[in-house]
Structures are given as C-alpha cells and as structure tokens.
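Just upload_35.pdb here, PDB, C-alpha atoms:
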ATOM      1  CA  VAL C   1      -6.236   2.373  27.629
ATOM      2  CA  ILE C   2      -4.737   2.215  24.132
ATOM      3  CA  LYS C   3      -1.427   0.367  23.883
ATOM      4  CA  LEU C   4       0.421   0.077  20.579
ATOM      5  CA  GLY C   5       2.321  -2.891  19.189
ATOM      6  CA  HIS C   6       4.318  -3.634  16.040
ATOM      7  CA  ILE C   7       4.613  -7.051  14.383
ATOM      8  CA  SER C   8       7.132  -8.027  11.720
ATOM      9  CA  GLY C   9       8.374 -11.231  10.127
ATOM     10  CA  ASN C  10      11.307 -12.141   7.938
ATOM     11  CA  TRP C  11      11.421  -8.739   6.246
ATOM     12  CA  ASN C  12      14.099  -7.098   8.386
ATOM     13  CA  ARG C  13      14.834  -4.199   6.043
ATOM     14  CA  VAL C  14      11.194  -3.082   6.075
ATOM     15  CA  ALA C  15      10.892  -3.412   9.855
ATOM     16  CA  ILE C  16      14.017  -1.304  10.381
ATOM     17  CA  ASP C  17      12.835   1.282   7.851
ATOM     18  CA  PHE C  18       9.469   1.618   9.612
ATOM     19  CA  TYR C  19      10.945   1.794  13.108
ATOM     20  CA  SER C  20      13.637   4.310  12.172
ATOM     21  CA  ARG C  21      11.032   6.650  10.651
ATOM     22  CA  LEU C  22       8.747   6.171  13.630
ATOM     23  CA  THR C  23      11.379   6.971  16.249
ATOM     24  CA  GLU C  24      12.667   9.947  14.254
ATOM     25  CA  LYS C  25       9.231  11.554  14.046
ATOM     26  CA  TYR C  26       7.795  10.360  17.376
ATOM     27  CA  PRO C  27      10.800   9.698  19.648
ATOM     28  CA  ASN C  28       8.678   9.409  22.812
ATOM     29  CA  LEU C  29       6.187   6.917  21.443
ATOM     30  CA  SER C  30       5.781   3.699  23.447
ATOM     31  CA  LEU C  31       5.753   0.580  21.296
ATOM     32  CA  VAL C  32       5.807  -3.153  22.063
ATOM     33  CA  GLN C  33       7.478  -5.071  19.245
ATOM     34  CA  ILE C  34       7.540  -8.706  18.193
ATOM     35  CA  HIS C  35       9.818  -9.758  15.359
ATOM     36  CA  ASN C  36       9.565 -13.339  14.113
ATOM     37  CA  PRO C  37      12.548 -14.025  11.836
ATOM     38  CA  ASP C  38      11.136 -17.444  10.951
ATOM     39  CA  SER C  39       7.939 -16.027   9.466
ATOM     40  CA  PRO C  40       8.163 -16.142   5.657
ATOM     41  CA  PRO C  41       7.573 -13.075   3.476
ATOM     42  CA  TYR C  42       4.024 -12.807   2.157
ATOM     43  CA  SER C  43       5.313 -13.081  -1.394
ATOM     44  CA  GLU C  44       6.518 -16.602  -0.563
ATOM     45  CA  ASP C  45       3.838 -18.113   1.716
ATOM     46  CA  ILE C  46       0.782 -16.009   2.523
ATOM     47  CA  LYS C  47      -0.995 -18.617   4.669
ATOM     48  CA  THR C  48       1.970 -19.338   6.957
ATOM     49  CA  ALA C  49       2.877 -15.655   7.227
ATOM     50  CA  TYR C  50      -0.683 -14.794   8.226
ATOM     51  CA  ASN C  51      -0.854 -17.509  10.872
ATOM     52  CA  ASP C  52       2.485 -16.325  12.286
ATOM     53  CA  MET C  53       1.198 -12.743  12.471
ATOM     54  CA  VAL C  54      -1.883 -13.931  14.360
ATOM     55  CA  ASP C  55       0.251 -15.891  16.831
ATOM     56  CA  SER C  56       2.481 -12.852  17.399
ATOM     57  CA  ALA C  57      -0.562 -10.626  17.855
ATOM     58  CA  LYS C  58      -1.932 -12.915  20.555
ATOM     59  CA  CYS C  59       1.397 -12.639  22.382
ATOM     60  CA  LEU C  60       1.120  -8.848  22.173
ATOM     61  CA  ALA C  61      -2.445  -8.995  23.465
ATOM     62  CA  ASP C  62      -1.158 -10.806  26.557
ATOM     63  CA  THR C  63       0.955  -7.698  27.332
ATOM     64  CA  GLY C  64      -2.071  -5.419  27.072
ATOM     65  CA  VAL C  65      -1.572  -4.251  23.487
ATOM     66  CA  THR C  66      -4.814  -3.050  21.866
ATOM     67  CA  HIS C  67      -3.661  -1.657  18.492
ATOM     68  CA  VAL C  68      -1.157  -3.169  16.044
ATOM     69  CA  ALA C  69       0.939  -1.706  13.227
ATOM     70  CA  ILE C  70       2.022  -4.080  10.452
ATOM     71  CA  ALA C  71       4.126  -2.542   7.680
ATOM     72  CA  CYS C  72       3.027  -4.965   4.979
ATOM     73  CA  ASN C  73       0.558  -4.140   2.221
ATOM     74  CA  THR C  74      -0.340  -7.749   1.433
ATOM     75  CA  MET C  75      -1.235  -8.321   5.086
ATOM     76  CA  HIS C  76      -3.928  -5.674   4.678
ATOM     77  CA  LEU C  77      -5.768  -8.037   2.349
ATOM     78  CA  GLN C  78      -6.414 -10.052   5.530
ATOM     79  CA  ARG C  79      -7.034  -7.085   7.829
ATOM     80  CA  THR C  80     -10.684  -7.922   8.572
ATOM     81  CA  ASN C  81      -9.814 -11.558   9.320
ATOM     82  CA  PHE C  82      -6.864 -10.471  11.453
ATOM     83  CA  ILE C  83      -9.051  -8.235  13.603
ATOM     84  CA  THR C  84     -11.579 -11.066  14.021
ATOM     85  CA  ASP C  85      -8.927 -13.685  14.813
ATOM     86  CA  THR C  86      -6.981 -11.567  17.316
ATOM     87  CA  GLY C  87      -9.443  -9.102  18.819
ATOM     88  CA  LEU C  88      -6.899  -6.331  18.191
ATOM     89  CA  THR C  89      -7.281  -3.214  16.074
ATOM     90  CA  MET C  90      -4.935  -3.301  13.074
ATOM     91  CA  LEU C  91      -4.059   0.224  11.957
ATOM     92  CA  ASP C  92      -5.325   0.773   8.404
ATOM     93  CA  MET C  93      -2.231   1.764   6.442
ATOM     94  CA  VAL C  94      -3.940   1.175   3.097
ATOM     95  CA  GLY C  95      -7.089   3.136   3.929
ATOM     96  CA  GLY C  96      -4.993   5.965   5.329
ATOM     97  CA  THR C  97      -2.915   6.105   2.168
ATOM     98  CA  LYS C  98      -6.006   6.287  -0.030
ATOM     99  CA  GLN C  99      -7.360   9.137   2.082
ATOM    100  CA  ALA C 100      -4.029  10.969   1.805
ATOM    101  CA  ALA C 101      -4.066  10.583  -1.985
ATOM    102  CA  ILE C 102      -7.568  12.025  -2.235
ATOM    103  CA  HIS C 103      -6.728  14.812   0.220
ATOM    104  CA  CYS C 104      -3.774  15.790  -1.981
ATOM    105  CA  GLY C 105      -6.126  16.092  -4.951
ATOM    106  CA  TYR C 106      -4.426  13.402  -7.028
ATOM    107  CA  LYS C 107      -6.653  12.095  -9.817
ATOM    108  CA  GLN C 108      -4.331   9.737 -11.740
ATOM    109  CA  ILE C 109      -2.135   7.569  -9.533
ATOM    110  CA  GLY C 110       0.441   5.028 -10.641
ATOM    111  CA  ILE C 111       0.590   2.014  -8.330
ATOM    112  CA  LEU C 112       3.518  -0.336  -7.783
ATOM    113  CA  GLY C 113       3.386  -3.530  -5.717
ATOM    114  CA  THR C 114       3.391  -7.304  -5.758
ATOM    115  CA  ILE C 115       1.342  -9.273  -8.241
ATOM    116  CA  THR C 116      -0.956 -10.416  -5.415
ATOM    117  CA  SER C 117      -1.776  -6.959  -4.097
ATOM    118  CA  MET C 118      -2.077  -5.436  -7.574
ATOM    119  CA  ALA C 119      -4.438  -8.182  -8.764
ATOM    120  CA  SER C 120      -6.614  -7.600  -5.686
ATOM    121  CA  GLY C 121      -7.126  -3.912  -6.446
ATOM    122  CA  LEU C 122      -5.930  -3.178  -2.911
ATOM    123  CA  TYR C 123      -5.293   0.502  -3.622
ATOM    124  CA  ASP C 124      -8.152   1.153  -6.030
ATOM    125  CA  SER C 125     -10.524   3.951  -5.032
ATOM    126  CA  ALA C 126     -13.494   5.805  -6.450
ATOM    127  CA  GLY C 127     -11.591   8.980  -5.597
ATOM    128  CA  TYR C 128      -8.925   8.537  -8.282
ATOM    129  CA  THR C 129      -7.946   6.440 -11.285
ATOM    130  CA  SER C 130      -5.373   3.697 -10.695
ATOM    131  CA  ILE C 131      -2.648   3.159 -13.298
ATOM    132  CA  TYR C 132      -0.724  -0.125 -13.331
ATOM    133  CA  PRO C 133       2.490  -1.219 -15.078
ATOM    134  CA  ASP C 134       2.143  -3.444 -18.124
ATOM    135  CA  ASP C 135       2.478  -7.216 -17.642
ATOM    136  CA  GLN C 136       6.175  -7.316 -18.499
ATOM    137  CA  ASP C 137       7.122  -4.604 -16.023
ATOM    138  CA  GLN C 138       4.855  -6.102 -13.355
ATOM    139  CA  GLN C 139       6.725  -9.390 -13.680
ATOM    140  CA  LEU C 140      10.034  -7.524 -13.412
ATOM    141  CA  LEU C 141       8.793  -5.641 -10.366
ATOM    142  CA  GLN C 142       7.762  -8.892  -8.697
ATOM    143  CA  ARG C 143      11.226 -10.333  -9.306
ATOM    144  CA  TYR C 144      12.922  -7.257  -7.858
ATOM    145  CA  ILE C 145      10.778  -7.454  -4.725
ATOM    146  CA  VAL C 146      11.233 -11.187  -4.142
ATOM    147  CA  SER C 147      14.938 -11.445  -5.012
ATOM    148  CA  ASN C 148      15.913  -8.489  -2.805
ATOM    149  CA  LYS C 149      14.084  -9.562   0.351
ATOM    150  CA  HIS C 150      17.280 -10.391   2.213
ATOM    151  CA  VAL C 151      20.242  -9.224   0.125
ATOM    152  CA  THR C 152      19.915  -6.181  -2.121
ATOM    153  CA  ARG C 153      21.391  -6.373  -5.612
ATOM    154  CA  ARG C 154      22.763  -3.124  -6.981
ATOM    155  CA  ALA C 155      21.841  -4.032 -10.565
ATOM    156  CA  ASP C 156      18.222  -4.634  -9.574
ATOM    157  CA  ILE C 157      18.063  -1.285  -7.776
ATOM    158  CA  GLN C 158      19.244   0.516 -10.905
ATOM    159  CA  ASP C 159      16.771  -1.444 -13.027
ATOM    160  CA  LEU C 160      13.969  -0.517 -10.622
ATOM    161  CA  GLY C 161      14.761   3.155 -11.091
ATOM    162  CA  ASP C 162      14.649   2.656 -14.858
ATOM    163  CA  LEU C 163      11.294   0.852 -14.555
ATOM    164  CA  ILE C 164       9.815   3.779 -12.624
ATOM    165  CA  ASP C 165      11.086   6.271 -15.199
ATOM    166  CA  ARG C 166       9.641   4.146 -17.989
ATOM    167  CA  PHE C 167       6.295   3.831 -16.178
ATOM    168  CA  THR C 168       5.919   7.566 -15.548
ATOM    169  CA  ASN C 169       7.002   8.425 -19.103
ATOM    170  CA  GLN C 170       4.378   6.065 -20.520
ATOM    171  CA  HIS C 171       1.659   7.743 -18.451
ATOM    172  CA  ARG C 172       2.341  11.448 -18.422
ATOM    173  CA  GLN C 173      -1.126  12.129 -16.980
ATOM    174  CA  MET C 174       0.083  10.519 -13.733
ATOM    175  CA  ASP C 175      -0.121  12.870 -10.716
ATOM    176  CA  ALA C 176       1.714  10.675  -8.212
ATOM    177  CA  LEU C 177       3.236   7.229  -7.724
ATOM    178  CA  LEU C 178       1.956   5.085  -4.866
ATOM    179  CA  VAL C 179       4.680   2.751  -3.616
ATOM    180  CA  GLY C 180       2.312  -0.091  -2.734
ATOM    181  CA  CYS C 181       4.912  -2.522  -1.389
ATOM    182  CA  THR C 182       6.827  -1.652   1.765
ATOM    183  CA  ASP C 183       9.952  -3.346   0.382
ATOM    184  CA  LEU C 184      10.241  -0.736  -2.347
ATOM    185  CA  PRO C 185      11.170   2.508  -0.523
ATOM    186  CA  THR C 186      14.579   1.135   0.500
ATOM    187  CA  LEU C 187      15.171  -0.281  -2.988
ATOM    188  CA  VAL C 188      14.216   2.715  -5.120
ATOM    189  CA  PRO C 189      17.282   4.742  -6.149
ATOM    190  CA  GLN C 190      17.423   8.171  -4.534
ATOM    191  CA  LYS C 191      17.063  10.560  -7.470
ATOM    192  CA  LYS C 192      14.564  12.971  -8.969
ATOM    193  CA  TYR C 193      11.463  11.396 -10.499
ATOM    194  CA  ALA C 194       8.761  12.865 -12.705
ATOM    195  CA  VAL C 195       6.042  12.654 -10.033
ATOM    196  CA  PRO C 196       5.877  12.719  -6.218
ATOM    197  CA  PHE C 197       5.707   9.452  -4.282
ATOM    198  CA  LEU C 198       3.009   8.334  -1.860
ATOM    199  CA  ASP C 199       4.661   6.079   0.732
ATOM    200  CA  PRO C 200       2.323   3.992   2.935
ATOM    201  CA  ILE C 201       5.043   3.598   5.580
ATOM    202  CA  ASP C 202       4.850   7.353   6.216
ATOM    203  CA  ILE C 203       1.086   7.013   6.615
ATOM    204  CA  LEU C 204       1.486   4.129   9.068
ATOM    205  CA  VAL C 205       3.988   6.149  11.097
ATOM    206  CA  ASP C 206       1.481   9.002  11.409
ATOM    207  CA  LEU C 207      -1.312   6.597  12.342
ATOM    208  CA  CYS C 208       0.909   5.389  15.183
ATOM    209  CA  GLY C 209       1.548   8.981  16.159
ATOM    210  CA  SER C 210      -2.165   9.749  16.236
ATOM    211  CA  ILE C 211      -2.672   6.834  18.644
ATOM    212  CA  HIS C 212       0.101   8.145  20.892
ATOM    213  CA  ASN C 213      -1.052  11.782  20.694
ATOM    214  CA  PRO C 214      -4.815  11.730  19.996
TER
END
Please express what this file holds, its structure, as structure tokens.
Amino acid sequence: VIKLGHISGNWNRVAIDFYSRLTEKYPNLSLVQIHNPDSPPYSEDIKTAYNDMVDSAKCLADTGVTHVAIACNTMHLQRTNFITDTGLTMLDMVGGTKQAAIHCGYKQIGILGTITSMASGLYDSAGYTSIYPDDQDQQLLQRYIVSNKHVTRRADIQDLGDLIDRFTNQHRQMDALLVGCTDLPTLVPQKKYAVPFLDPIDILVDLCGSIHNP
C-alpha cells in the first residue's frame, strides 16, 4: 500500500506554499507531514540539512509511509543517496519538471536557482538548451534567496523582478523560465513577464496527486 509523506525543514514559506497548492488541487489527499524547524536551509548547511531529512524520513517510515515529497531542489542532488539511506521513494520533482519542459516543446529554457544547484547542472537536459544568468546576476540571485529565507524584504522582491526582466531581455530566444529554487515563487513579483514560468512545486503537487489517484 502506498502512503505519502512530506518532509520540510527551516523553510516555512516554501512548506506552506507547497501544502496550500496541494490541498487546493487535491483536497482529499492523505499526507503525513514532518516539519523540523531546527533543520537549516540547504543554502546554509547541506550536510546537516540532509542528515535531518534522513532522520525525519525514518520517522515517517515508522508510520508506514512509502513515498516522500520534499519541496527542495538542492535536496534532489542527494535523491539517490536519500533513497538508499531511508528505503523510501522520493518523488522526482526535478525529473518531472524536465519532462514537463520537453512535453511543452520548449527548446531554450532560462534557469534560476542557487549557486549550488546551478553549478551541478541539476536541470540540464538533452531535450533543451539551458540558459543561465551571468555571474553578477547569479550572485545577486543567491543573495536574494539566502537573505529572504525567513523575513522577506520588499526591496529584494522588486530587484528580483528586475533581474528576471533583465535576464529574459538578454536572451530573447528563451521559450520559458524554470524557477529552479522553491524559495523563488513566493518572492517573484506578481506581474507579466516575457516568457511563461515552469514551477517545480506545481510538478511535485501533481506527482503527489498521481500517487493518490493512480
């Protein structure tokens, strides 16, 4: 029997964003959640955050959970290790997002995320060409992500919108923008942009739904 769980750490805004979308689209979905407010964000301490996620997953396993959703892109760098260390199936948000991009026919995709995930090529695919911000804007993006983990700064949100406009204007061949950090959707100003967004949280929500309604 498949039983679904959700693990989150000290990234409350992301956890709430994921859960609100999930319950809006799949209100009858059963989900066991563990939130560890003492677990550091991945951008601050990857090793400790990973170990905390494994400990939480083992607690979920004791309740009969078989599949886990984790709304964190950087965590997907450790997905294979996580599955080995916990014996649970971690839903593949990154792989699902890549498949969605290819299914949509996008050929040139701008990608935004942390320095760690961007340097890893996490969202690269043979099915499309990845476009990254220049070094200066990547450093700015990293600062926006890290400094707004707990308290959002209005000035940073406006600057983030400007960065996206600048990025899309520099690369007019871009078909879509992949928001490759789950902190970003709640930070990006709500306005019209030059290209559509690909949001991995939406993909993760639908993966959860497919588990609930196979």
Checklist entry - Between C:Phe18, C:Asn10, C:Leu141, C:Asn28, which has the minimum distance to Thr48 in chain C (counting all atoms listed in the file)? => result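 Comparing C:Phe18, C:Asn10, C:Leu141, C:Asn28 against Thr48 in chain C, the winner is C:Asn10.
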Next on the checklist: Applying the PyMOL selection byres ((chain C and resi 128-140) around 8) to the file I just gave you, which residues come out? Please list them as a VMD selection string.
Outcome noted: chain C and resid 102 106 to 112 114 to 115 118 123 to 127 141 to 144 163 167 174
Next on the checklist: Given all atoms listed in the file as the basis, pick out the residue of C:Val94, C:Cys104, C:Ile157, C:Ser117 nearest to Ala176 in chain C.
Outcome noted: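 That would be C:Cys104, the residue with the smallest distance to Ala176 in chain C.
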Item to check | Selection dump of the PyMOL selection byres ((chain C and resi 11) around 12), as a count of residues only | outcome: 36
Next on the checklist: Excluding Leu91 in chain C and its own-chain neighbours fewer than 5 positions away, which residues fall within 9 Å of it when counting only C-alpha atoms? Please give them as a PyMOL selection string.
Outcome noted: chain C and resi 67-70+79+96+204+207-208
Checklist entry - What is the distance, in Å and to one decimal place, between CA of Asp202 in chain C and CA of Ala61 in chain C? => result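 Separation between CA of Asp202 in chain C and CA of Ala61 in chain C: 24.9 Å.
Among C:His6, C:Gln99, C:Arg172, C:Gly64, the residue with the shortest atom-to-atom distance to Leu22 in chain C, counting only C-alpha atoms, is C:His6.
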Axis-aligned box for range 129-142 of chain C, 4 Å per side, centre and edges in Å as JSON:
{"center_x": 1.0, "center_y": -1.5, "center_z": -13.6, "size_x": 26.0, "size_y": 23.8, "size_z": 17.8}
Just range 13-104 of chain C from the block, C-alpha atoms, as a short mmCIF file (atom, residue, chain, number, x, y, z; two decimals), in the first residue's frame, could you?
data_model
loop_
_atom_site.label_atom_id
_atom_site.label_comp_id
_atom_site.auth_asym_id
_atom_site.auth_seq_id
_atom_site.Cartn_x
_atom_site.Cartn_y
_atom_site.Cartn_z
CA ARG C 13 7.37 29.78 3.48
CA VAL C 14 8.15 27.03 0.95
CA ALA C 15 6.43 24.34 3.02
CA ILE C 16 3.28 26.45 3.32
CA ASP C 17 3.35 27.29 -0.39
CA PHE C 18 3.61 23.60 -1.32
CA TYR C 19 0.91 22.46 1.10
CA SER C 20 -1.54 25.20 0.14
CA ARG C 21 -1.23 24.30 -3.55
CA LEU C 22 -1.53 20.61 -2.76
CA THR C 23 -4.69 20.94 -0.68
CA GLU C 24 -6.27 23.33 -3.19
CA LYS C 25 -5.80 20.91 -6.09
CA TYR C 26 -6.16 17.61 -4.20
CA PRO C 27 -8.25 18.39 -1.09
CA ASN C 28 -8.86 14.72 -0.26
CA LEU C 29 -5.25 13.62 -0.43
CA SER C 30 -3.88 11.89 2.68
CA LEU C 31 -0.47 13.15 3.73
CA VAL C 32 1.74 12.55 6.78
CA GLN C 33 3.93 15.58 7.45
CA ILE C 34 7.07 16.18 9.48
CA HIS C 35 8.39 19.71 9.84
CA ASN C 36 11.73 20.19 11.57
CA PRO C 37 12.17 23.91 12.30
CA ASP C 38 15.71 23.29 13.55
CA SER C 39 16.91 21.88 10.24
CA PRO C 40 18.99 24.52 8.43
CA PRO C 41 18.27 25.60 4.85
CA TYR C 42 20.35 23.77 2.26
CA SER C 43 21.94 27.05 1.21
CA GLU C 44 23.46 27.29 4.70
CA ASP C 45 24.45 23.72 5.66
CA ILE C 46 23.84 20.95 3.13
CA LYS C 47 25.29 18.11 5.23
CA THR C 48 23.25 18.85 8.36
CA ALA C 49 20.09 19.50 6.36
CA TYR C 50 20.48 16.18 4.56
CA ASN C 51 21.03 14.23 7.77
CA ASP C 52 17.95 15.89 9.29
CA MET C 53 15.86 14.93 6.25
CA VAL C 54 17.01 11.32 6.59
CA ASP C 55 16.11 11.26 10.29
CA SER C 56 12.67 12.70 9.53
CA ALA C 57 12.16 10.17 6.74
CA LYS C 58 12.90 7.29 9.10
CA CYS C 59 10.24 8.64 11.47
CA LEU C 60 7.78 8.71 8.57
CA ALA C 61 8.73 5.16 7.63
CA ASP C 62 7.75 4.06 11.14
CA THR C 63 4.19 5.28 10.38
CA GLY C 64 4.03 3.23 7.19
CA VAL C 65 4.96 5.98 4.73
CA THR C 66 6.41 4.62 1.47
CA HIS C 67 6.78 7.74 -0.72
CA VAL C 68 8.11 11.18 0.27
CA ALA C 69 7.70 14.65 -1.22
CA ILE C 70 10.45 17.19 -0.48
CA ALA C 71 9.96 20.65 -2.00
CA CYS C 72 13.65 21.48 -2.25
CA ASN C 73 15.66 21.42 -5.46
CA THR C 74 19.06 21.12 -3.78
CA MET C 75 17.84 18.05 -1.89
CA HIS C 76 17.36 16.36 -5.27
CA LEU C 77 21.12 16.39 -5.72
CA GLN C 78 21.09 13.76 -2.95
CA ARG C 79 17.98 11.91 -4.12
CA THR C 80 19.76 8.62 -4.91
CA ASN C 81 21.56 8.66 -1.55
CA PHE C 82 18.32 9.55 0.23
CA ILE C 83 16.50 6.58 -1.27
CA THR C 84 19.39 4.28 -0.28
CA ASP C 85 19.66 5.68 3.25
CA THR C 86 15.92 5.61 4.02
CA GLY C 87 14.42 2.86 1.89
CA LEU C 88 11.68 5.30 0.84
CA THR C 89 10.79 6.51 -2.64
CA MET C 90 11.49 10.23 -3.02
CA LEU C 91 9.21 11.76 -5.65
CA ASP C 92 11.33 13.12 -8.51
CA MET C 93 10.35 16.79 -8.74
CA VAL C 94 13.36 17.64 -10.90
CA GLY C 95 12.88 14.78 -13.36
CA GLY C 96 9.18 15.57 -13.60
CA THR C 97 9.92 19.21 -14.35
CA LYS C 98 12.35 18.29 -17.13
CA GLN C 99 9.74 16.00 -18.67
CA ALA C 100 7.14 18.78 -18.49
CA ALA C 101 9.52 21.20 -20.23
CA ILE C 102 10.16 18.76 -23.06
CA HIS C 103 6.46 17.90 -23.33
CA CYS C 104 5.68 21.61 -23.74
#
